[in-house]
file query30.pdb (PDB, C-alpha atoms)
ATOM      1  CA  MET X1354     -55.128  12.469  52.434  1.00  0.00           C
ATOM      2  CA  ALA X1355     -57.208  14.128  49.774  1.00  0.00           C
ATOM      3  CA  GLU X1356     -57.058  12.317  46.455  1.00  0.00           C
ATOM      4  CA  THR X1357     -55.923  14.357  43.494  1.00  0.00           C
ATOM      5  CA  ILE X1358     -57.819  13.629  40.330  1.00  0.00           C
ATOM      6  CA  ILE X1359     -56.145  14.506  37.036  1.00  0.00           C
ATOM      7  CA  LEU X1360     -58.503  14.829  34.155  1.00  0.00           C
ATOM      8  CA  ASN X1361     -57.002  13.574  30.912  1.00  0.00           C
ATOM      9  CA  GLU X1362     -57.271  15.801  27.911  1.00  0.00           C
ATOM     10  CA  ASN X1363     -59.941  14.740  25.459  1.00  0.00           C
ATOM     11  CA  PRO X1364     -58.082  12.488  22.956  1.00  0.00           C
ATOM     12  CA  ASN X1365     -60.442  13.612  20.211  1.00  0.00           C
ATOM     13  CA  LYS X1366     -59.583  17.248  20.713  1.00  0.00           C
ATOM     14  CA  VAL X1367     -57.586  18.681  17.829  1.00  0.00           C
ATOM     15  CA  ASN X1368     -54.331  20.392  18.684  1.00  0.00           C
ATOM     16  CA  LEU X1369     -53.630  22.788  15.846  1.00  0.00           C
ATOM     17  CA  LYS X1370     -50.016  23.088  16.947  1.00  0.00           C
ATOM     18  CA  ASN X1371     -49.480  19.614  15.527  1.00  0.00           C
ATOM     19  CA  PHE X1372     -50.218  21.021  12.079  1.00  0.00           C
ATOM     20  CA  LYS X1373     -47.913  24.019  12.228  1.00  0.00           C
ATOM     21  CA  TYR X1374     -45.692  22.655   9.445  1.00  0.00           C
ATOM     22  CA  PHE X1375     -48.563  22.271   7.001  1.00  0.00           C
ATOM     23  CA  PHE X1376     -49.951  25.721   7.752  1.00  0.00           C
ATOM     24  CA  ALA X1377     -46.459  27.167   7.275  1.00  0.00           C
ATOM     25  CA  LEU X1378     -45.512  25.248   4.123  1.00  0.00           C
ATOM     26  CA  LEU X1379     -48.664  25.995   2.125  1.00  0.00           C
ATOM     27  CA  PRO X1380     -48.197  29.810   2.286  1.00  0.00           C
ATOM     28  CA  CYS X1381     -44.523  29.345   1.313  1.00  0.00           C
ATOM     29  CA  TYR X1382     -45.571  27.314  -1.714  1.00  0.00           C
ATOM     30  CA  VAL X1383     -48.173  29.922  -2.693  1.00  0.00           C
ATOM     31  CA  LEU X1384     -45.656  32.762  -2.352  1.00  0.00           C
ATOM     32  CA  ILE X1385     -43.010  31.046  -4.500  1.00  0.00           C
ATOM     33  CA  THR X1386     -45.332  29.936  -7.295  1.00  0.00           C
ATOM     34  CA  PHE X1387     -47.177  33.259  -7.368  1.00  0.00           C
ATOM     35  CA  ALA X1388     -43.833  35.077  -7.582  1.00  0.00           C
ATOM     36  CA  LEU X1389     -42.866  32.911 -10.559  1.00  0.00           C
ATOM     37  CA  TYR X1390     -46.243  33.522 -12.192  1.00  0.00           C
ATOM     38  CA  VAL X1391     -45.858  37.294 -11.863  1.00  0.00           C
ATOM     39  CA  ASN X1392     -42.115  37.629 -12.482  1.00  0.00           C
ATOM     40  CA  GLY X1393     -41.252  34.586 -14.605  1.00  0.00           C
ATOM     41  CA  GLY X1394     -41.207  36.580 -17.837  1.00  0.00           C
ATOM     42  CA  ALA X1395     -38.920  39.215 -16.325  1.00  0.00           C
ATOM     43  CA  ILE X1396     -36.487  36.669 -14.893  1.00  0.00           C
ATOM     44  CA  PHE X1397     -36.356  34.308 -17.874  1.00  0.00           C
ATOM     45  CA  PRO X1398     -36.437  35.837 -21.387  1.00  0.00           C
ATOM     46  CA  ASN X1399     -37.962  32.663 -22.856  1.00  0.00           C
ATOM     47  CA  TRP X1400     -40.671  32.295 -20.224  1.00  0.00           C
ATOM     48  CA  GLY X1401     -43.857  32.156 -22.263  1.00  0.00           C
ATOM     49  CA  SER X1402     -47.603  31.877 -21.883  1.00  0.00           C
ATOM     50  CA  THR X1403     -47.358  28.094 -21.482  1.00  0.00           C
ATOM     51  CA  GLU X1404     -45.192  28.370 -18.377  1.00  0.00           C
ATOM     52  CA  SER X1405     -47.370  31.136 -16.951  1.00  0.00           C
ATOM     53  CA  SER X1406     -50.632  29.276 -17.516  1.00  0.00           C
ATOM     54  CA  GLU X1407     -49.275  26.012 -16.085  1.00  0.00           C
ATOM     55  CA  THR X1408     -47.891  27.860 -13.061  1.00  0.00           C
ATOM     56  CA  LEU X1409     -51.280  29.441 -12.464  1.00  0.00           C
ATOM     57  CA  ILE X1410     -53.067  26.100 -12.832  1.00  0.00           C
ATOM     58  CA  TYR X1411     -50.733  24.422 -10.360  1.00  0.00           C
ATOM     59  CA  LEU X1412     -50.990  27.371  -7.980  1.00  0.00           C
ATOM     60  CA  VAL X1413     -54.779  27.362  -7.935  1.00  0.00           C
ATOM     61  CA  GLY X1414     -55.066  23.568  -7.974  1.00  0.00           C
ATOM     62  CA  VAL X1415     -52.600  22.826  -5.193  1.00  0.00           C
ATOM     63  CA  THR X1416     -53.899  25.658  -3.017  1.00  0.00           C
ATOM     64  CA  ALA X1417     -57.494  24.499  -3.423  1.00  0.00           C
ATOM     65  CA  PHE X1418     -56.490  20.862  -2.860  1.00  0.00           C
ATOM     66  CA  GLY X1419     -54.479  21.811   0.200  1.00  0.00           C
ATOM     67  CA  MET X1420     -57.307  23.799   1.738  1.00  0.00           C
ATOM     68  CA  ALA X1421     -59.815  21.041   0.960  1.00  0.00           C
ATOM     69  CA  SER X1422     -57.535  18.491   2.635  1.00  0.00           C
ATOM     70  CA  ILE X1423     -57.514  20.323   5.970  1.00  0.00           C
ATOM     71  CA  PRO X1424     -60.528  18.415   7.385  1.00  0.00           C
ATOM     72  CA  PHE X1425     -58.842  15.107   6.506  1.00  0.00           C
ATOM     73  CA  ARG X1426     -55.550  16.289   7.984  1.00  0.00           C
ATOM     74  CA  LEU X1427     -57.294  17.195  11.211  1.00  0.00           C
ATOM     75  CA  LYS X1428     -59.298  13.976  11.351  1.00  0.00           C
ATOM     76  CA  TYR X1429     -56.478  11.592  10.426  1.00  0.00           C
ATOM     77  CA  LYS X1430     -53.670  13.661  11.981  1.00  0.00           C
ATOM     78  CA  MET X1431     -51.865  14.011   8.673  1.00  0.00           C
ATOM     79  CA  ASP X1432     -48.917  16.348   9.100  1.00  0.00           C
ATOM     80  CA  GLN X1433     -45.389  16.826   7.844  1.00  0.00           C
ATOM     81  CA  LYS X1434     -43.431  15.746  10.905  1.00  0.00           C
ATOM     82  CA  GLN X1435     -40.091  16.955   9.587  1.00  0.00           C
ATOM     83  CA  ILE X1436     -39.198  20.600   9.522  1.00  0.00           C
ATOM     84  CA  LEU X1437     -38.707  22.473   6.270  1.00  0.00           C
ATOM     85  CA  SER X1438     -34.946  22.866   6.683  1.00  0.00           C
ATOM     86  CA  LYS X1439     -34.473  19.073   6.797  1.00  0.00           C
ATOM     87  CA  GLN X1440     -36.604  18.625   3.700  1.00  0.00           C
ATOM     88  CA  VAL X1441     -34.536  21.239   1.843  1.00  0.00           C
ATOM     89  CA  VAL X1442     -31.269  19.570   2.870  1.00  0.00           C
ATOM     90  CA  THR X1443     -32.631  16.185   1.772  1.00  0.00           C
ATOM     91  CA  PHE X1444     -33.675  17.690  -1.560  1.00  0.00           C
ATOM     92  CA  CYS X1445     -30.213  19.153  -2.210  1.00  0.00           C
ATOM     93  CA  PHE X1446     -28.348  15.916  -1.511  1.00  0.00           C
ATOM     94  CA  ALA X1447     -30.926  13.809  -3.367  1.00  0.00           C
ATOM     95  CA  PHE X1448     -30.879  16.109  -6.401  1.00  0.00           C
ATOM     96  CA  ILE X1449     -27.113  15.730  -6.727  1.00  0.00           C
ATOM     97  CA  ALA X1450     -27.348  11.965  -6.188  1.00  0.00           C
ATOM     98  CA  PHE X1451     -30.041  11.477  -8.826  1.00  0.00           C
ATOM     99  CA  PHE X1452     -28.161  13.748 -11.215  1.00  0.00           C
ATOM    100  CA  LEU X1453     -25.173  11.404 -10.989  1.00  0.00           C
ATOM    101  CA  VAL X1454     -27.297   8.250 -11.200  1.00  0.00           C
ATOM    102  CA  PHE X1455     -29.260   9.432 -14.239  1.00  0.00           C
ATOM    103  CA  LEU X1456     -26.082  10.679 -15.914  1.00  0.00           C
ATOM    104  CA  ILE X1457     -24.492   7.241 -15.487  1.00  0.00           C
ATOM    105  CA  LEU X1458     -27.631   5.596 -16.884  1.00  0.00           C
ATOM    106  CA  LYS X1459     -27.452   7.851 -19.933  1.00  0.00           C
ATOM    107  CA  GLU X1460     -23.728   7.411 -20.523  1.00  0.00           C
ATOM    108  CA  THR X1461     -23.997   3.638 -20.233  1.00  0.00           C
ATOM    109  CA  GLY X1462     -26.903   3.556 -22.680  1.00  0.00           C
ATOM    110  CA  VAL X1463     -29.389   2.177 -20.160  1.00  0.00           C
ATOM    111  CA  TRP X1464     -31.801   5.118 -20.164  1.00  0.00           C
ATOM    112  CA  PHE X1465     -32.454   8.617 -21.552  1.00  0.00           C
ATOM    113  CA  GLN X1466     -31.373   7.734 -25.074  1.00  0.00           C
ATOM    114  CA  ARG X1467     -32.502   9.353 -28.349  1.00  0.00           C
ATOM    115  CA  ILE X1468     -33.586  12.515 -26.561  1.00  0.00           C
ATOM    116  CA  THR X1469     -33.206  15.853 -28.337  1.00  0.00           C
ATOM    117  CA  PRO X1470     -30.757  18.009 -26.359  1.00  0.00           C
ATOM    118  CA  LEU X1471     -32.321  20.908 -24.507  1.00  0.00           C
ATOM    119  CA  PRO X1472     -31.127  24.313 -25.800  1.00  0.00           C
ATOM    120  CA  VAL X1473     -28.551  25.749 -23.416  1.00  0.00           C
ATOM    121  CA  TYR X1474     -30.483  28.986 -22.962  1.00  0.00           C
ATOM    122  CA  LEU X1475     -33.453  27.003 -21.628  1.00  0.00           C
ATOM    123  CA  VAL X1476     -31.551  24.947 -19.040  1.00  0.00           C
ATOM    124  CA  LEU X1477     -31.938  27.256 -16.021  1.00  0.00           C
ATOM    125  CA  GLN X1478     -35.546  28.097 -16.826  1.00  0.00           C
ATOM    126  CA  THR X1479     -36.415  24.418 -17.252  1.00  0.00           C
ATOM    127  CA  VAL X1480     -34.745  23.396 -13.993  1.00  0.00           C
ATOM    128  CA  VAL X1481     -36.536  26.150 -12.040  1.00  0.00           C
ATOM    129  CA  PHE X1482     -39.919  25.478 -13.626  1.00  0.00           C
ATOM    130  CA  GLN X1483     -39.774  21.699 -13.361  1.00  0.00           C
ATOM    131  CA  THR X1484     -38.509  21.829  -9.768  1.00  0.00           C
ATOM    132  CA  LEU X1485     -40.359  24.698  -8.094  1.00  0.00           C
ATOM    133  CA  VAL X1486     -43.608  24.430 -10.044  1.00  0.00           C
ATOM    134  CA  VAL X1487     -44.179  20.972 -11.532  1.00  0.00           C
ATOM    135  CA  ALA X1488     -42.395  18.552  -9.179  1.00  0.00           C
ATOM    136  CA  THR X1489     -43.120  20.481  -5.983  1.00  0.00           C
ATOM    137  CA  SER X1490     -46.801  20.880  -6.885  1.00  0.00           C
ATOM    138  CA  GLU X1491     -47.393  17.262  -7.845  1.00  0.00           C
ATOM    139  CA  GLU X1492     -45.441  15.848  -4.916  1.00  0.00           C
ATOM    140  CA  THR X1493     -47.326  18.099  -2.506  1.00  0.00           C
ATOM    141  CA  VAL X1494     -50.590  16.658  -3.790  1.00  0.00           C
ATOM    142  CA  PHE X1495     -49.688  13.000  -4.299  1.00  0.00           C
ATOM    143  CA  ARG X1496     -46.993  12.196  -1.759  1.00  0.00           C
ATOM    144  CA  GLY X1497     -47.715  15.009   0.685  1.00  0.00           C
ATOM    145  CA  THR X1498     -51.490  14.651   0.885  1.00  0.00           C
ATOM    146  CA  ILE X1499     -53.052  11.665  -0.902  1.00  0.00           C
ATOM    147  CA  TYR X1500     -50.538   9.063   0.275  1.00  0.00           C
ATOM    148  CA  PRO X1501     -50.608   9.981   4.003  1.00  0.00           C
ATOM    149  CA  TRP X1502     -54.405   9.810   3.889  1.00  0.00           C
ATOM    150  CA  LEU X1503     -54.528   6.421   2.118  1.00  0.00           C
ATOM    151  CA  SER X1504     -51.725   5.018   4.271  1.00  0.00           C
ATOM    152  CA  LYS X1505     -54.036   5.315   7.261  1.00  0.00           C
ATOM    153  CA  VAL X1506     -55.866   2.350   5.728  1.00  0.00           C
ATOM    154  CA  ASN X1507     -52.788   0.380   4.675  1.00  0.00           C
ATOM    155  CA  ILE X1508     -49.276   1.384   3.612  1.00  0.00           C
ATOM    156  CA  VAL X1509     -49.177  -0.946   0.597  1.00  0.00           C
ATOM    157  CA  ILE X1510     -52.615   0.223  -0.556  1.00  0.00           C
ATOM    158  CA  GLY X1511     -51.494   3.799  -0.022  1.00  0.00           C
ATOM    159  CA  VAL X1512     -48.415   3.339  -2.227  1.00  0.00           C
ATOM    160  CA  LEU X1513     -50.219   1.469  -5.019  1.00  0.00           C
ATOM    161  CA  VAL X1514     -53.356   3.627  -5.161  1.00  0.00           C
ATOM    162  CA  THR X1515     -51.410   6.883  -4.946  1.00  0.00           C
ATOM    163  CA  SER X1516     -49.134   5.710  -7.756  1.00  0.00           C
ATOM    164  CA  LEU X1517     -52.127   4.658  -9.848  1.00  0.00           C
ATOM    165  CA  ILE X1518     -53.797   8.051  -9.412  1.00  0.00           C
ATOM    166  CA  PHE X1519     -50.487   9.709 -10.261  1.00  0.00           C
ATOM    167  CA  ALA X1520     -50.204   7.646 -13.450  1.00  0.00           C
ATOM    168  CA  LEU X1521     -53.783   8.371 -14.537  1.00  0.00           C
ATOM    169  CA  PHE X1522     -53.169  12.056 -13.849  1.00  0.00           C
ATOM    170  CA  HIS X1523     -50.538  11.961 -16.613  1.00  0.00           C
ATOM    171  CA  TYR X1524     -52.568   9.806 -19.021  1.00  0.00           C
ATOM    172  CA  ALA X1525     -53.675  12.713 -21.219  1.00  0.00           C
ATOM    173  CA  ALA X1526     -50.202  14.271 -21.183  1.00  0.00           C
ATOM    174  CA  TYR X1527     -48.883  10.977 -22.583  1.00  0.00           C
ATOM    175  CA  HIS X1528     -51.520  11.109 -25.348  1.00  0.00           C
ATOM    176  CA  GLY X1529     -53.219   7.983 -24.069  1.00  0.00           C
ATOM    177  CA  SER X1530     -50.099   5.824 -24.183  1.00  0.00           C
ATOM    178  CA  LEU X1531     -50.594   2.900 -21.812  1.00  0.00           C
ATOM    179  CA  ALA X1532     -46.867   2.153 -21.870  1.00  0.00           C
ATOM    180  CA  ALA X1533     -45.967   5.671 -20.749  1.00  0.00           C
ATOM    181  CA  THR X1534     -48.741   5.596 -18.164  1.00  0.00           C
ATOM    182  CA  GLY X1535     -47.323   2.326 -16.847  1.00  0.00           C
ATOM    183  CA  VAL X1536     -43.893   3.936 -16.529  1.00  0.00           C
ATOM    184  CA  ALA X1537     -45.514   6.789 -14.593  1.00  0.00           C
ATOM    185  CA  PHE X1538     -47.019   4.227 -12.220  1.00  0.00           C
ATOM    186  CA  VAL X1539     -43.597   2.670 -11.562  1.00  0.00           C
ATOM    187  CA  LEU X1540     -42.086   6.113 -11.040  1.00  0.00           C
ATOM    188  CA  GLY X1541     -44.910   6.900  -8.637  1.00  0.00           C
ATOM    189  CA  VAL X1542     -44.050   3.811  -6.585  1.00  0.00           C
ATOM    190  CA  ILE X1543     -40.381   4.843  -6.494  1.00  0.00           C
ATOM    191  CA  MET X1544     -41.250   8.364  -5.344  1.00  0.00           C
ATOM    192  CA  ASN X1545     -43.587   6.980  -2.693  1.00  0.00           C
ATOM    193  CA  LEU X1546     -40.792   4.784  -1.344  1.00  0.00           C
ATOM    194  CA  LEU X1547     -38.442   7.769  -1.303  1.00  0.00           C
ATOM    195  CA  TYR X1548     -41.048   9.752   0.598  1.00  0.00           C
ATOM    196  CA  ILE X1549     -41.484   6.961   3.141  1.00  0.00           C
ATOM    197  CA  ARG X1550     -37.751   6.321   3.612  1.00  0.00           C
ATOM    198  CA  PHE X1551     -36.647   9.967   3.686  1.00  0.00           C
ATOM    199  CA  ASN X1552     -39.138  12.815   3.208  1.00  0.00           C
ATOM    200  CA  ILE X1553     -40.846  14.791   0.484  1.00  0.00           C
ATOM    201  CA  GLY X1554     -37.574  16.517  -0.389  1.00  0.00           C
ATOM    202  CA  ALA X1555     -36.242  13.244  -1.828  1.00  0.00           C
ATOM    203  CA  SER X1556     -39.351  12.607  -3.936  1.00  0.00           C
ATOM    204  CA  ILE X1557     -39.304  16.169  -5.296  1.00  0.00           C
ATOM    205  CA  ALA X1558     -35.618  15.785  -6.230  1.00  0.00           C
ATOM    206  CA  PHE X1559     -36.254  12.521  -8.086  1.00  0.00           C
ATOM    207  CA  HIS X1560     -39.340  13.921  -9.819  1.00  0.00           C
ATOM    208  CA  SER X1561     -37.677  17.120 -11.002  1.00  0.00           C
ATOM    209  CA  MET X1562     -34.416  15.443 -12.041  1.00  0.00           C
ATOM    210  CA  TYR X1563     -36.295  12.800 -14.015  1.00  0.00           C
ATOM    211  CA  ASN X1564     -38.377  15.452 -15.777  1.00  0.00           C
ATOM    212  CA  ILE X1565     -35.438  17.583 -16.855  1.00  0.00           C
ATOM    213  CA  ALA X1566     -33.467  14.478 -17.876  1.00  0.00           C
ATOM    214  CA  THR X1567     -36.272  13.415 -20.241  1.00  0.00           C
ATOM    215  CA  MET X1568     -36.350  16.964 -21.651  1.00  0.00           C
ATOM    216  CA  GLY X1569     -32.733  16.748 -22.841  1.00  0.00           C
ATOM    217  CA  PHE X1570     -30.890  18.231 -19.878  1.00  0.00           C
ATOM    218  CA  PHE X1571     -27.862  15.966 -20.210  1.00  0.00           C
ATOM    219  CA  GLY X1572     -27.597  16.659 -23.920  1.00  0.00           C
ATOM    220  CA  ALA X1573     -27.449  20.372 -23.142  1.00  0.00           C
ATOM    221  CA  LEU X1574     -24.445  19.865 -20.859  1.00  0.00           C
ATOM    222  CA  GLY X1575     -22.292  19.150 -23.903  1.00  0.00           C
ATOM    223  CA  GLY X1576     -23.056  22.609 -25.261  1.00  0.00           C
ATOM    224  CA  ILE X1577     -22.154  24.475 -22.085  1.00  0.00           C
TER     225      ILE X1577
END
call {"tool": "encode", "arguments": {"input": "query30.pdb", "output": "structure tokens"}}
result
Amino acid sequence: MAETIILNENPNKVNLKNFKYFFALLPCYVLITFALYVNGGAIFPNWGSTESSETLIYLVGVTAFGMASIPFRLKYKMDQKQILSKQVVTFCFAFIAFFLVFLILKETGVWFQRITPLPVYLVLQTVVFQTLVVATSEETVFRGTIYPWLSKVNIVIGVLVTSLIFALFHYAAYHGSLAATGVAFVLGVIMNLLYIRFNIGASIAFHSMYNIATMGFFGALGGI
């Protein structure tokens, strides 16, 4: 009987189908942020040059970072294994959950005290900007790209180093405050753990909800 020899596929060969989620998500991100950059002023009356410039910076930065990460994604097989719909569902449930948790923390006096209430007319704009631009952009870079790469070395190192980079990224925004930078490091660890346990939707929800809470979101609820 003739022997049938089956040649195994080269294990080093890259299958681009494994990266279909990344190549689909990046254009979606670009489309949404670019739409906000172009139409933000028409949608939100109080959308100013600050929001437009920050949106453009995030758009260019994340796009460039994402494209530059492609060789690492191919080499280390870094891909979002969960489909977009599951990430969106996770985000929605997590956003509601963190809203309730942070509200309880504020009402019990544990956190978010002595914060100037956000004007009611800025609530929707702030939520959209902090969620779709700030939180989504930063989580895409830190939890969606840097952490998966570093975790190939070691998960603990990946969490700690990613959180440290995240904290240093905000150092200037905190005017050099080491205390605030330390808080950012702890928050980075929390968001990394959320990413590991669930997916990036959970870390985006925490990030955006925390941001709008510190901007006086809960104080604005009393004026609605």
call {"tool": "closest_residue", "arguments": {"input": "query30.pdb", "among": "X:Ala1447, X:Tyr1382, X:Phe1376, X:Val1480", "to": "Leu1427 of chain X", "atoms": "only C-alpha atoms"}}
result
X:Phe1376
call {"tool": "closest_residue", "arguments": {"input": "query30.pdb", "among": "X:Phe1425, X:Leu1412, X:Gly1575, X:Thr1567", "to": "Thr1469 of chain X", "atoms": "all atoms listed in the file"}}
result
X:Thr1567
call {"tool": "atom_distance", "arguments": {"input": "query30.pdb", "atom1": "atom CA of Leu1378 of chain X", "atom2": "atom CA of Leu1547 of chain X"}}
result
19.6 Å
call {"tool": "resolve_selection", "arguments": {"input": "query30.pdb", "expression": "the PyMOL selection byres ((chain X and resi 1561-1564) around 12)", "output": "MDAnalysis selection string"}}
result
chainID X and resid 1444:1445 1447:1456 1458:1459 1464:1465 1471 1479:1492 1536:1537 1540:1541 1543:1544 1554:1560 1565:1571
call {"tool": "resolve_selection", "arguments": {"input": "query30.pdb", "expression": "the PyMOL selection byres ((chain X and resi 1535) around 12)", "output": "PyMOL selection string"}}
result
chain X and resi 1516-1524+1527+1529-1534+1536-1542
